[in-house]
Amino acid sequence: MAEIAVIGAGVVGVSTAYMLARRGYRVTLIDAASVPGSGASAGNAAQLSWAYGDAMASPALIRHLPAIALGLDPAFRIRWQADPDFLLWGLRFLANATPGRWWANTSAILDLAALSQQELAMLLRETEIAFDYRLAGKLHLYSDAASFAAARGTVDRKKALRLVQRLLSREEAEDIEPALRLYQSEIAGAVYTPGDALGDAAAYCRALTDHLVQHYGMTTLLGHRVCGFHTDKGRLRALRFLDRDDLEIEMAVLAAGAGAPFLSRAVPEARAIRPVRGYSLTVPLSEGSPRVSLTDVKRKLAFAAIGDRFRVAGLADITAVGAGFDRERFGALRMAAASVLPEFQVTSRDDAIWSGERPTTPSSQPIICAARRTRGLYLNIGHGMLGWTLALGSARRLADLIGSSRG
Ligand SMILES: Cc1cc2nc3c(=O)[nH]c(=O)nc-3n(C[C@H](O)[C@H](O)[C@H](O)COP(=O)(O)OP(=O)(O)OC[C@H]3O[C@@H](n4cnc5c(N)ncnc54)[C@H](O)[C@@H]3O)c2cc1C
């Protein structure tokens, strides 16, 4: 039985471990944290956005760039950095923002999302893992007529890909989600995606890890950070750690999310990833909380009822690698959420505050390939805004690639 290590126990790493274990590999799952799902997967917006997939670099974002650069859009921040990787990332991001590139990237992401959806259906049939999965449906809310009219074009293009979305008036949206009657903002119209689902990504990571240990004999090495690779004539021989002996292994997958750029000396491909920091606030679910997932397009807020909790997530801050939690930015999220929904207007001891880094490429497409410099090392990184949605499809693609390269 071939042995393989997966570095990173977020949604991407755990899903990759699952695909490989099912194909008969003996997997060791490694993470610097002591619990799976502690990185960007821990407090995300929980959306399985099968029909969204929109790449971040878009003509609309570019039109808005002057306001973002001047700090006038509360949802975005750019911390300018005199770092060649940051500048190169920025230039490549701009090159991906043309209408043609945007649609090419978005279609490729939607394709991967469709594969993920298919793989998730299989996983739900094969395992009994619990992660508050629910076919919740999603409403994208547009506060002005111009942005709603622009959304119409994208909905039509997605229809051609057989994705089901409906354009609704505020009244029609309120019929689907009655809690919107209390939504304290203009709603010029909504796009409803009945097939979108949600689930707790952190619970998924923990439950699927346990399942793999129990049913596939997977080994875990948690609380240990990989700091490099030993190679021999360009072939992987071992993983190096900061705090334990090397692990001799000839095949490994790097699925370290926003941690990947720290290994970019050995894996230059990881330079294409910038952390885009976001925040979330989770409060107890109340009787009046919306059950359908909501995205407030203007405020860039996503709301989700996950089990007995209600979460708002948002903000996109292009920060320096390694920058931490920013109290002021979290305050901006709380204020924006409180301005539209009563759930966030009072604070309680049970509120959970969180921040994480989306590992984002200029095209928003993940990097799923064999490492250029090291034979035996594979990459599954850079899933950006949609890593939870794309995790299983990416894992499947990488497992196919590893299978075909081993002949
Ligand atoms: C606010 C916010 C909201 C979001 N909402 C959604 C959403 O609704 N839907 C969606 O699809 N996506 C969403 N995302 C994006 C999604 O959460 C990420 O794309 C996804 O979690 C990335 O998964 P990952 O496994 O690549 O990274 P992570 O979950 O960060 O996992 C990487 C793991 O690697 C470990 N690691 C790193 N370096 C090393 C090392 N050297 N050695 C050992 N271990 C290492 C880390 O400890 C970590 O556990 C959101 C993100 C944010 C921040």
# chains A, B, ... in the order shown; residues from 1 in each chain; ligands from 1
$ closest_atom_pairs --of "region 89-158 of chain A" --to "region 10-18 of chain A" --cutoff "12 Å" --atoms "only C-alpha atoms" --output "JSON lines"
{"residue": "A:Ser116", "atom": "CA", "partner": "A:Ser15", "partner_atom": "CA", "distance": 10.2}
{"residue": "A:Glu119", "atom": "CA", "partner": "A:Ser15", "partner_atom": "CA", "distance": 10.0}
{"residue": "A:Leu120", "atom": "CA", "partner": "A:Ser15", "partner_atom": "CA", "distance": 9.9}
{"residue": "A:Met122", "atom": "CA", "partner": "A:Tyr18", "partner_atom": "CA", "distance": 11.9}
{"residue": "A:Leu123", "atom": "CA", "partner": "A:Tyr18", "partner_atom": "CA", "distance": 9.3}
{"residue": "A:Glu126", "atom": "CA", "partner": "A:Tyr18", "partner_atom": "CA", "distance": 11.4}
{"residue": "A:Thr127", "atom": "CA", "partner": "A:Tyr18", "partner_atom": "CA", "distance": 10.9}
$ residues_near_ligand --ligand "ligand 1" --cutoff "6 Å" --atoms "only C-alpha atoms and all ligand atoms" --output "VMD selection string"
chain A and resid 7 to 13 30 to 33 37 to 41 44 to 48 225 to 227 255 to 260 277 to 280 313 to 314 356 to 358 381 383 to 389
$ atom_distance --atom1 "CA of Thr360 (chain A)" --atom2 "CA of Ile273 (chain A)"
5.1 Å
$ residues_around --residues "Asp317 (chain A)" --least-positions-apart "3" --cutoff "6 Å" --atoms "only C-alpha atoms" --output "list in words"
Phe76, Arg77, Ile78, Val276 and Arg277 of chain A
$ write_last_selection --atoms "C-alpha atoms" --output "tab-separated table (two decimals), in the first residue's frame"
chain	number	residue	atom	x	y	z
A	76	PHE	CA	-12.48	45.87	1.56
A	77	ARG	CA	-9.04	46.98	2.69
A	78	ILE	CA	-5.73	46.85	0.86
A	276	VAL	CA	-7.34	37.84	2.13
A	277	ARG	CA	-8.49	38.20	5.70
$ closest_residue --among "A:Met19, A:Gly403, A:Arg101, A:Gly199" --to "Tyr133 (chain A)" --atoms "only C-alpha atoms"
A:Gly199
$ closest_residue --among "A:Tyr216, A:Phe131, A:Phe229, A:Phe148" --to "Ala201 (chain A)" --atoms "only C-alpha atoms"
A:Phe131
$ select_by_dssp --residues "region 187-355 of chain A" --states "strand (DSSP E or B)" --output "compact mmCIF listing (two decimals) with N, CA and C atoms, in the first residue's frame"
# COMPACT_ATOMS: atom_id res chain seq x y z
N GLY A 189 -33.95 43.94 -5.30
CA GLY A 189 -34.26 42.64 -5.89
C GLY A 189 -33.33 41.59 -5.30
N ALA A 190 -33.63 40.33 -5.59
CA ALA A 190 -32.80 39.24 -5.04
C ALA A 190 -32.62 38.16 -6.10
N VAL A 191 -31.50 37.46 -6.00
CA VAL A 191 -31.28 36.27 -6.83
C VAL A 191 -31.39 35.06 -5.90
N TYR A 192 -32.29 34.17 -6.22
CA TYR A 192 -32.52 33.00 -5.36
C TYR A 192 -31.91 31.75 -6.00
N THR A 193 -31.09 31.06 -5.23
CA THR A 193 -30.48 29.81 -5.70
C THR A 193 -30.96 28.69 -4.78
N ALA A 197 -26.30 24.88 -0.65
CA ALA A 197 -26.40 24.22 0.65
C ALA A 197 -25.48 24.90 1.65
N LEU A 198 -25.43 24.40 2.87
CA LEU A 198 -24.45 24.90 3.84
C LEU A 198 -24.06 23.78 4.80
N THR A 219 -3.39 7.81 9.85
CA THR A 219 -2.62 8.27 11.02
C THR A 219 -2.68 9.79 11.03
N THR A 220 -2.75 10.39 12.22
CA THR A 220 -2.69 11.86 12.28
C THR A 220 -1.43 12.28 13.03
N LEU A 221 -0.90 13.42 12.61
CA LEU A 221 0.26 14.01 13.27
C LEU A 221 -0.12 15.47 13.50
N LEU A 222 -0.81 15.72 14.62
CA LEU A 222 -1.36 17.06 14.85
C LEU A 222 -0.47 17.81 15.83
N VAL A 226 5.23 21.57 9.55
CA VAL A 226 6.24 21.20 8.55
C VAL A 226 7.02 22.46 8.19
N CYS A 227 8.35 22.38 8.22
CA CYS A 227 9.12 23.60 7.89
C CYS A 227 9.97 23.43 6.63
N GLY A 228 9.93 22.25 6.00
CA GLY A 228 10.69 22.10 4.76
C GLY A 228 10.68 20.64 4.31
N PHE A 229 11.44 20.40 3.25
CA PHE A 229 11.44 19.07 2.63
C PHE A 229 12.88 18.61 2.41
N HIS A 230 13.15 17.32 2.64
CA HIS A 230 14.43 16.74 2.22
C HIS A 230 14.21 16.12 0.86
N THR A 231 15.11 16.41 -0.06
CA THR A 231 14.98 15.81 -1.39
C THR A 231 16.30 15.16 -1.78
N ASP A 232 16.22 14.26 -2.73
CA ASP A 232 17.41 13.61 -3.25
C ASP A 232 17.25 13.56 -4.77
N ARG A 235 13.84 14.41 -5.85
CA ARG A 235 12.73 13.51 -5.45
C ARG A 235 12.51 13.66 -3.94
N LEU A 236 11.26 13.74 -3.52
CA LEU A 236 10.94 13.90 -2.09
C LEU A 236 11.42 12.68 -1.30
N ARG A 237 12.10 12.96 -0.19
CA ARG A 237 12.54 11.86 0.68
C ARG A 237 11.93 11.96 2.07
N ALA A 238 11.77 13.20 2.58
CA ALA A 238 11.26 13.34 3.96
C ALA A 238 10.70 14.74 4.18
N LEU A 239 9.82 14.85 5.18
CA LEU A 239 9.32 16.16 5.60
C LEU A 239 10.11 16.58 6.83
N ARG A 240 10.46 17.88 6.89
CA ARG A 240 11.17 18.41 8.06
C ARG A 240 10.19 19.16 8.94
N PHE A 241 10.40 19.05 10.25
CA PHE A 241 9.53 19.72 11.22
C PHE A 241 10.37 20.63 12.11
N LEU A 247 9.97 13.07 8.95
CA LEU A 247 9.09 11.96 8.57
C LEU A 247 9.52 11.51 7.19
N GLU A 248 10.07 10.29 7.12
CA GLU A 248 10.50 9.79 5.81
C GLU A 248 9.28 9.41 4.99
N ALA A 252 3.78 13.39 -0.92
CA ALA A 252 3.06 14.27 0.00
C ALA A 252 2.23 15.26 -0.79
N VAL A 253 1.17 15.74 -0.14
CA VAL A 253 0.32 16.79 -0.72
C VAL A 253 0.42 18.00 0.19
N LEU A 254 0.72 19.16 -0.38
CA LEU A 254 0.70 20.39 0.39
C LEU A 254 -0.70 21.00 0.26
N ARG A 274 -2.04 35.07 -1.88
CA ARG A 274 -2.04 36.13 -0.87
C ARG A 274 -3.16 35.83 0.12
N PRO A 275 -2.92 36.16 1.39
CA PRO A 275 -4.01 36.00 2.36
C PRO A 275 -5.01 37.15 2.22
N VAL A 276 -6.28 36.81 2.12
CA VAL A 276 -7.34 37.84 2.13
C VAL A 276 -8.17 37.59 3.39
N ARG A 277 -7.93 38.47 4.37
CA ARG A 277 -8.49 38.20 5.70
C ARG A 277 -9.97 38.56 5.79
N GLY A 278 -10.73 37.68 6.44
CA GLY A 278 -12.14 37.94 6.69
C GLY A 278 -12.46 37.68 8.15
N TYR A 279 -13.68 38.04 8.56
CA TYR A 279 -14.07 37.95 9.97
C TYR A 279 -15.44 37.29 10.06
N SER A 280 -15.74 36.70 11.21
CA SER A 280 -17.11 36.24 11.42
C SER A 280 -17.50 36.40 12.88
N LEU A 281 -18.80 36.44 13.06
CA LEU A 281 -19.39 36.55 14.41
C LEU A 281 -20.53 35.55 14.45
N THR A 282 -20.50 34.68 15.45
CA THR A 282 -21.53 33.64 15.56
C THR A 282 -22.30 33.85 16.86
N VAL A 283 -23.61 33.90 16.75
CA VAL A 283 -24.45 34.14 17.93
C VAL A 283 -25.46 32.99 18.03
N PRO A 284 -26.12 32.84 19.18
CA PRO A 284 -27.14 31.78 19.25
C PRO A 284 -28.28 32.06 18.26
N SER A 293 -29.91 30.95 3.57
CA SER A 293 -28.65 31.73 3.61
C SER A 293 -28.86 33.04 2.86
N LEU A 294 -28.23 34.09 3.37
CA LEU A 294 -28.36 35.41 2.74
C LEU A 294 -26.98 35.96 2.42
N THR A 295 -26.86 36.63 1.27
CA THR A 295 -25.66 37.42 1.00
C THR A 295 -26.11 38.84 0.69
N ASP A 296 -25.64 39.79 1.47
CA ASP A 296 -25.91 41.20 1.22
C ASP A 296 -24.79 41.69 0.31
N LEU A 301 -21.74 40.84 3.07
CA LEU A 301 -21.96 40.04 4.28
C LEU A 301 -22.70 38.76 3.91
N ALA A 302 -22.30 37.65 4.52
CA ALA A 302 -23.02 36.39 4.32
C ALA A 302 -23.59 35.95 5.66
N PHE A 303 -24.85 35.55 5.67
CA PHE A 303 -25.52 35.12 6.90
C PHE A 303 -25.93 33.66 6.75
N ALA A 304 -25.73 32.88 7.82
CA ALA A 304 -26.09 31.46 7.74
C ALA A 304 -26.54 30.93 9.09
N ALA A 305 -27.64 30.17 9.07
CA ALA A 305 -28.10 29.46 10.27
C ALA A 305 -27.48 28.07 10.23
N ILE A 306 -26.53 27.84 11.15
CA ILE A 306 -25.76 26.58 11.16
C ILE A 306 -26.13 25.85 12.45
N ARG A 309 -26.82 27.78 15.70
CA ARG A 309 -26.07 29.06 15.70
C ARG A 309 -26.41 29.88 14.47
N PHE A 310 -26.21 31.19 14.59
CA PHE A 310 -26.44 32.08 13.46
C PHE A 310 -25.16 32.88 13.23
N ARG A 311 -24.67 32.87 12.00
CA ARG A 311 -23.34 33.47 11.75
C ARG A 311 -23.41 34.55 10.68
N VAL A 312 -22.64 35.61 10.90
CA VAL A 312 -22.39 36.56 9.82
C VAL A 312 -20.89 36.51 9.53
N ALA A 313 -20.53 36.50 8.27
CA ALA A 313 -19.11 36.51 7.88
C ALA A 313 -18.93 37.52 6.76
N GLY A 314 -17.76 38.12 6.73
CA GLY A 314 -17.52 39.07 5.65
C GLY A 314 -16.18 39.77 5.77
N LEU A 315 -16.02 40.84 5.03
CA LEU A 315 -14.82 41.67 4.89
C LEU A 315 -13.74 40.93 4.08
N ALA A 316 -13.05 41.68 3.28
CA ALA A 316 -11.95 41.11 2.47
C ALA A 316 -10.78 42.08 2.56
N ASP A 317 -9.81 41.73 3.40
CA ASP A 317 -8.65 42.61 3.61
C ASP A 317 -7.40 41.95 3.03
N ILE A 318 -6.83 42.58 2.01
CA ILE A 318 -5.61 42.04 1.42
C ILE A 318 -4.46 42.54 2.29
N ALA A 352 -19.30 34.14 19.37
CA ALA A 352 -17.96 33.66 19.00
C ALA A 352 -17.38 34.57 17.92
N ILE A 353 -16.22 35.10 18.22
CA ILE A 353 -15.55 36.06 17.32
C ILE A 353 -14.43 35.32 16.61
N TRP A 354 -14.31 35.52 15.31
CA TRP A 354 -13.30 34.74 14.57
C TRP A 354 -12.78 35.53 13.38
N SER A 355 -11.56 35.20 12.99
CA SER A 355 -10.98 35.78 11.79
C SER A 355 -10.09 34.74 11.12
$ residues_around --residues "Gly393 (chain A)" --least-positions-apart "5" --cutoff "8 Å" --atoms "only C-alpha atoms" --output "list of chain:residue names"
A:Leu112, A:Ala113, A:Ala114, A:Leu115, A:Ser116, A:Gln117, A:Glu119
$ closest_residue --among "A:Phe344, A:Arg372, A:Ala67, A:Ala188" --to "Ala146 (chain A)" --atoms "only C-alpha atoms"
A:Ala188
$ select_by_dssp --residues "region 26-224 of chain A" --states "alpha helix (DSSP H)" --output "PyMOL selection string"
chain A and resi 59-63+65-69+84-95+99-126+145-160+170-176+201-216
$ residues_around --residues "Phe93 (chain A)" --least-positions-apart "5" --cutoff "8 Å" --atoms "only C-alpha atoms" --output "compact mmCIF listing (two decimals) with N, CA and C atoms, in the first residue's frame"
# COMPACT_ATOMS: atom_id res chain seq x y z
N ALA A 57 -11.42 38.76 -9.06
CA ALA A 57 -10.94 39.78 -10.01
C ALA A 57 -11.99 39.94 -11.10
N THR A 361 -5.57 33.21 -5.01
CA THR A 361 -4.73 33.39 -6.20
C THR A 361 -5.29 34.56 -7.03
N PRO A 362 -4.52 35.12 -7.94
CA PRO A 362 -5.02 36.24 -8.75
C PRO A 362 -6.24 35.87 -9.59
N SER A 363 -6.35 34.60 -10.00
CA SER A 363 -7.48 34.19 -10.85
C SER A 363 -8.64 33.64 -10.04
